[in-house]
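Novice: Have a look at this one before I ask anything.
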Amino acid sequence: MIRFVILFGFSFMFFMLHYTGDINKYINMKYAYLSISAVVIMGLLSIFEFVRVSRQQIAEEKKEAALAAGGHAEELECRHEAHDDHTHQHNHHHDHGHNHGNDTRLKRFISCFILFVPIFTGLFLPAYALDSSFVKAKGFSFPSFDENIQNNPGAHQFLKPDSSVFYAKDDYVNVKNKELEQFINRDEIILTDADYLKGMEVIYNTPEAFMGKSIGFDGFAYKGQQVDGNHYFVFRFGFIHCVADSGVFGMLVEFPKNTQIKDDDWVHVNGKLTWELYQPFKQTIPVLKVTDWKPIETPNDPYVYRSN
């Protein structure tokens, strides 16, 4: 019956994540069909397991009833003799059997506990949206602007989206050039939720092609300890596939003098792309020099997703 509880628990957990809409805090919704498939498959398996166990219990009850009603004295006597032999053997090997049984039960308990933890947390612990505390926890230790994640595809990404790890080298060059064509001829580039990650990756891959162009996007502000004056980072948390390869993506933004913004305040910014030396990176990076900005409400879905 424990198998039924585990299978049904996982199926119900995924169902509730979809029902409440919290599933988008864990995966790119382009892959939602995978978790829906998991709901269906584990639901069917849990039904199969319930039917199997129920039939087994019914068969055992019928067998016990038949033995009790038949009054098989001879069989009972044989069972008694066999029991005496078993008791003798058991006493001879008592220590070994007792330890082995305890080890098995302990392993089963640990296995079940490990499986129950994600079910419990998925059902009863709230799924909070990530905010600047995630950046603070990571110490704002952005990798070098020129680094990619080829050697560590499971690492959280920062500032610059990098999908190159999911392609062969030649294939990524083709993808990069194709996506550049989608943005290069625009006089004004307004990054929407749908093309935020794609647009940011294009800009970071070829920043020289966008210098002086007008760029706008939404995000939450983060001051941190590594910028001063009127500079803030403006970020969006994004998923390429799921939370395992998630990251915080955006740009260093220069606001007008005396601008006061708090961490996690959501803003829409428009400005011209320029270069600026960023000392923690010890190199020049793209910076958006704001010409216009305004505070906005936190969006219903604060995350952005890689569309392709």
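How things are named: the first chain in the structure tokens is A, the next is B, and so on; residues count from 1 in each chain; ligands count from 1 in the order shown.
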Tell me, which residues of stretch 158-279 of chain A carry DSSP strand (DSSP E or B), written as a PyMOL selection string?
Specialist: chain A and resi 158-159+188-190+214-222+231-239+242+247-254+266-278
Novice: At a cut-off of 8 Å, using only C-alpha atoms, what residues contact stretch 191-196 of chain A? Leave out same-chain residues fewer than 4 positions from it and give the result as a list in words.
Specialist: Met200, Ile215, Gly216, Phe217, Asp218, Val304, Tyr305, Arg306 and Ser307 of chain A
Novice: Any chance you could export the current selection's N, CA and C atoms as a PDB file, in the first residue's frame?
Specialist:
```
ATOM      1  N   MET A 200      17.882  39.625 -24.622  1.00  0.00           N
ATOM      2  CA  MET A 200      19.053  39.890 -23.799  1.00  0.00           C
ATOM      3  C   MET A 200      20.265  39.110 -24.288  1.00  0.00           C
ATOM      4  N   ILE A 215      16.456  50.965 -26.194  1.00  0.00           N
ATOM      5  CA  ILE A 215      16.078  49.656 -25.661  1.00  0.00           C
ATOM      6  C   ILE A 215      15.216  49.866 -24.425  1.00  0.00           C
ATOM      7  N   GLY A 216      14.174  49.065 -24.291  1.00  0.00           N
ATOM      8  CA  GLY A 216      13.290  49.160 -23.130  1.00  0.00           C
ATOM      9  C   GLY A 216      12.906  47.785 -22.621  1.00  0.00           C
ATOM     10  N   PHE A 217      12.734  47.668 -21.305  1.00  0.00           N
ATOM     11  CA  PHE A 217      12.307  46.402 -20.709  1.00  0.00           C
ATOM     12  C   PHE A 217      11.834  46.632 -19.283  1.00  0.00           C
ATOM     13  N   ASP A 218      11.137  45.654 -18.730  1.00  0.00           N
ATOM     14  CA  ASP A 218      10.659  45.682 -17.349  1.00  0.00           C
ATOM     15  C   ASP A 218      11.575  44.827 -16.480  1.00  0.00           C
ATOM     16  N   VAL A 304      10.386  35.038 -16.621  1.00  0.00           N
ATOM     17  CA  VAL A 304      10.390  34.982 -18.076  1.00  0.00           C
ATOM     18  C   VAL A 304      10.991  33.641 -18.489  1.00  0.00           C
ATOM     19  N   TYR A 305      10.640  33.196 -19.706  1.00  0.00           N
ATOM     20  CA  TYR A 305      11.011  31.859 -20.149  1.00  0.00           C
ATOM     21  C   TYR A 305      11.604  31.914 -21.543  1.00  0.00           C
ATOM     22  N   ARG A 306      12.542  31.005 -21.793  1.00  0.00           N
ATOM     23  CA  ARG A 306      13.134  30.908 -23.135  1.00  0.00           C
ATOM     24  C   ARG A 306      12.117  30.239 -24.044  1.00  0.00           C
ATOM     25  N   SER A 307      11.725  30.929 -25.106  1.00  0.00           N
ATOM     26  CA  SER A 307      10.668  30.420 -25.984  1.00  0.00           C
ATOM     27  C   SER A 307      11.177  29.367 -26.954  1.00  0.00           C
TER      28      SER A 307
END
```
Novice: Find the residues around A:Ile203 up to 12 Å (only C-alpha atoms counted), leave out those fewer than 4 positions away in its own chain, and share them as a VMD selection string.
Specialist: chain A and resid 159 to 162 176 to 177 179 to 184 189 191 195 to 199 207 to 211 213 to 215 250 to 251 273 to 274 285 to 288
Novice: Neighbours of stretch 232-239 of chain A within 6 Å (only C-alpha atoms; same-chain residues fewer than 6 positions away dropped), as an mmCIF file with N, CA and C atoms, in the first residue's frame?
Specialist:
```
data_model
loop_
_atom_site.group_PDB
_atom_site.id
_atom_site.type_symbol
_atom_site.label_atom_id
_atom_site.label_comp_id
_atom_site.auth_asym_id
_atom_site.auth_seq_id
_atom_site.Cartn_x
_atom_site.Cartn_y
_atom_site.Cartn_z
ATOM 1 N N ASN A 28 9.834 25.895 -17.195
ATOM 2 C CA ASN A 28 9.418 26.659 -18.364
ATOM 3 C C ASN A 28 8.113 26.045 -18.860
ATOM 4 N N GLY A 219 11.629 45.146 -15.189
ATOM 5 C CA GLY A 219 12.384 44.323 -14.261
ATOM 6 C C GLY A 219 12.355 44.905 -12.860
ATOM 7 N N PHE A 220 12.950 44.170 -11.923
ATOM 8 C CA PHE A 220 13.031 44.681 -10.549
ATOM 9 C C PHE A 220 14.436 45.222 -10.318
ATOM 10 N N ALA A 221 14.496 46.261 -9.507
ATOM 11 C CA ALA A 221 15.764 46.944 -9.261
ATOM 12 C C ALA A 221 16.565 46.227 -8.180
ATOM 13 N N TYR A 222 17.872 46.285 -8.335
ATOM 14 C CA TYR A 222 18.771 45.757 -7.312
ATOM 15 C C TYR A 222 20.004 46.644 -7.256
ATOM 16 N N LYS A 223 20.236 47.222 -6.083
ATOM 17 C CA LYS A 223 21.371 48.135 -5.931
ATOM 18 C C LYS A 223 22.649 47.376 -5.605
ATOM 19 N N SER A 246 17.865 27.978 -13.946
ATOM 20 C CA SER A 246 17.327 29.336 -13.859
ATOM 21 C C SER A 246 18.441 30.329 -13.589
ATOM 22 N N GLY A 247 18.132 31.592 -13.726
ATOM 23 C CA GLY A 247 19.115 32.634 -13.458
ATOM 24 C C GLY A 247 18.445 33.977 -13.328
ATOM 25 N N VAL A 248 19.239 34.987 -12.995
ATOM 26 C CA VAL A 248 18.751 36.352 -12.903
ATOM 27 C C VAL A 248 19.408 37.134 -14.036
ATOM 28 N N PHE A 249 18.578 37.673 -14.927
ATOM 29 C CA PHE A 249 19.071 38.242 -16.180
ATOM 30 C C PHE A 249 18.648 39.701 -16.299
ATOM 31 N N GLY A 250 19.526 40.508 -16.834
ATOM 32 C CA GLY A 250 19.192 41.911 -17.018
ATOM 33 C C GLY A 250 20.411 42.721 -17.385
ATOM 34 N N MET A 251 20.429 43.959 -16.897
ATOM 35 C CA MET A 251 21.458 44.888 -17.360
ATOM 36 C C MET A 251 21.732 45.943 -16.291
ATOM 37 N N LEU A 252 22.945 46.435 -16.296
ATOM 38 C CA LEU A 252 23.283 47.583 -15.463
ATOM 39 C C LEU A 252 22.672 48.829 -16.105
ATOM 40 N N VAL A 253 21.963 49.614 -15.283
ATOM 41 C CA VAL A 253 21.206 50.758 -15.800
ATOM 42 C C VAL A 253 21.651 52.031 -15.077
ATOM 43 N N TYR A 303 8.344 35.802 -13.722
ATOM 44 C CA TYR A 303 9.389 35.073 -14.435
ATOM 45 C C TYR A 303 9.254 35.247 -15.936
ATOM 46 N N VAL A 304 10.386 35.038 -16.621
ATOM 47 C CA VAL A 304 10.390 34.982 -18.076
ATOM 48 C C VAL A 304 10.991 33.641 -18.489
ATOM 49 N N TYR A 305 10.640 33.196 -19.706
ATOM 50 C CA TYR A 305 11.011 31.859 -20.149
ATOM 51 C C TYR A 305 11.604 31.914 -21.543
#
```
Novice: One decimal, Å: what's the distance from atom CA of A:Thr259 over to atom CA of A:Phe158, could you say?
Specialist: 24.6 Å
Novice: Which residues come within 9 Å of A:Thr291, counting only C-alpha atoms, excluding same-chain residues fewer than 4 positions away, as number ranges by chain?
Specialist: A: 255-256, 269-272
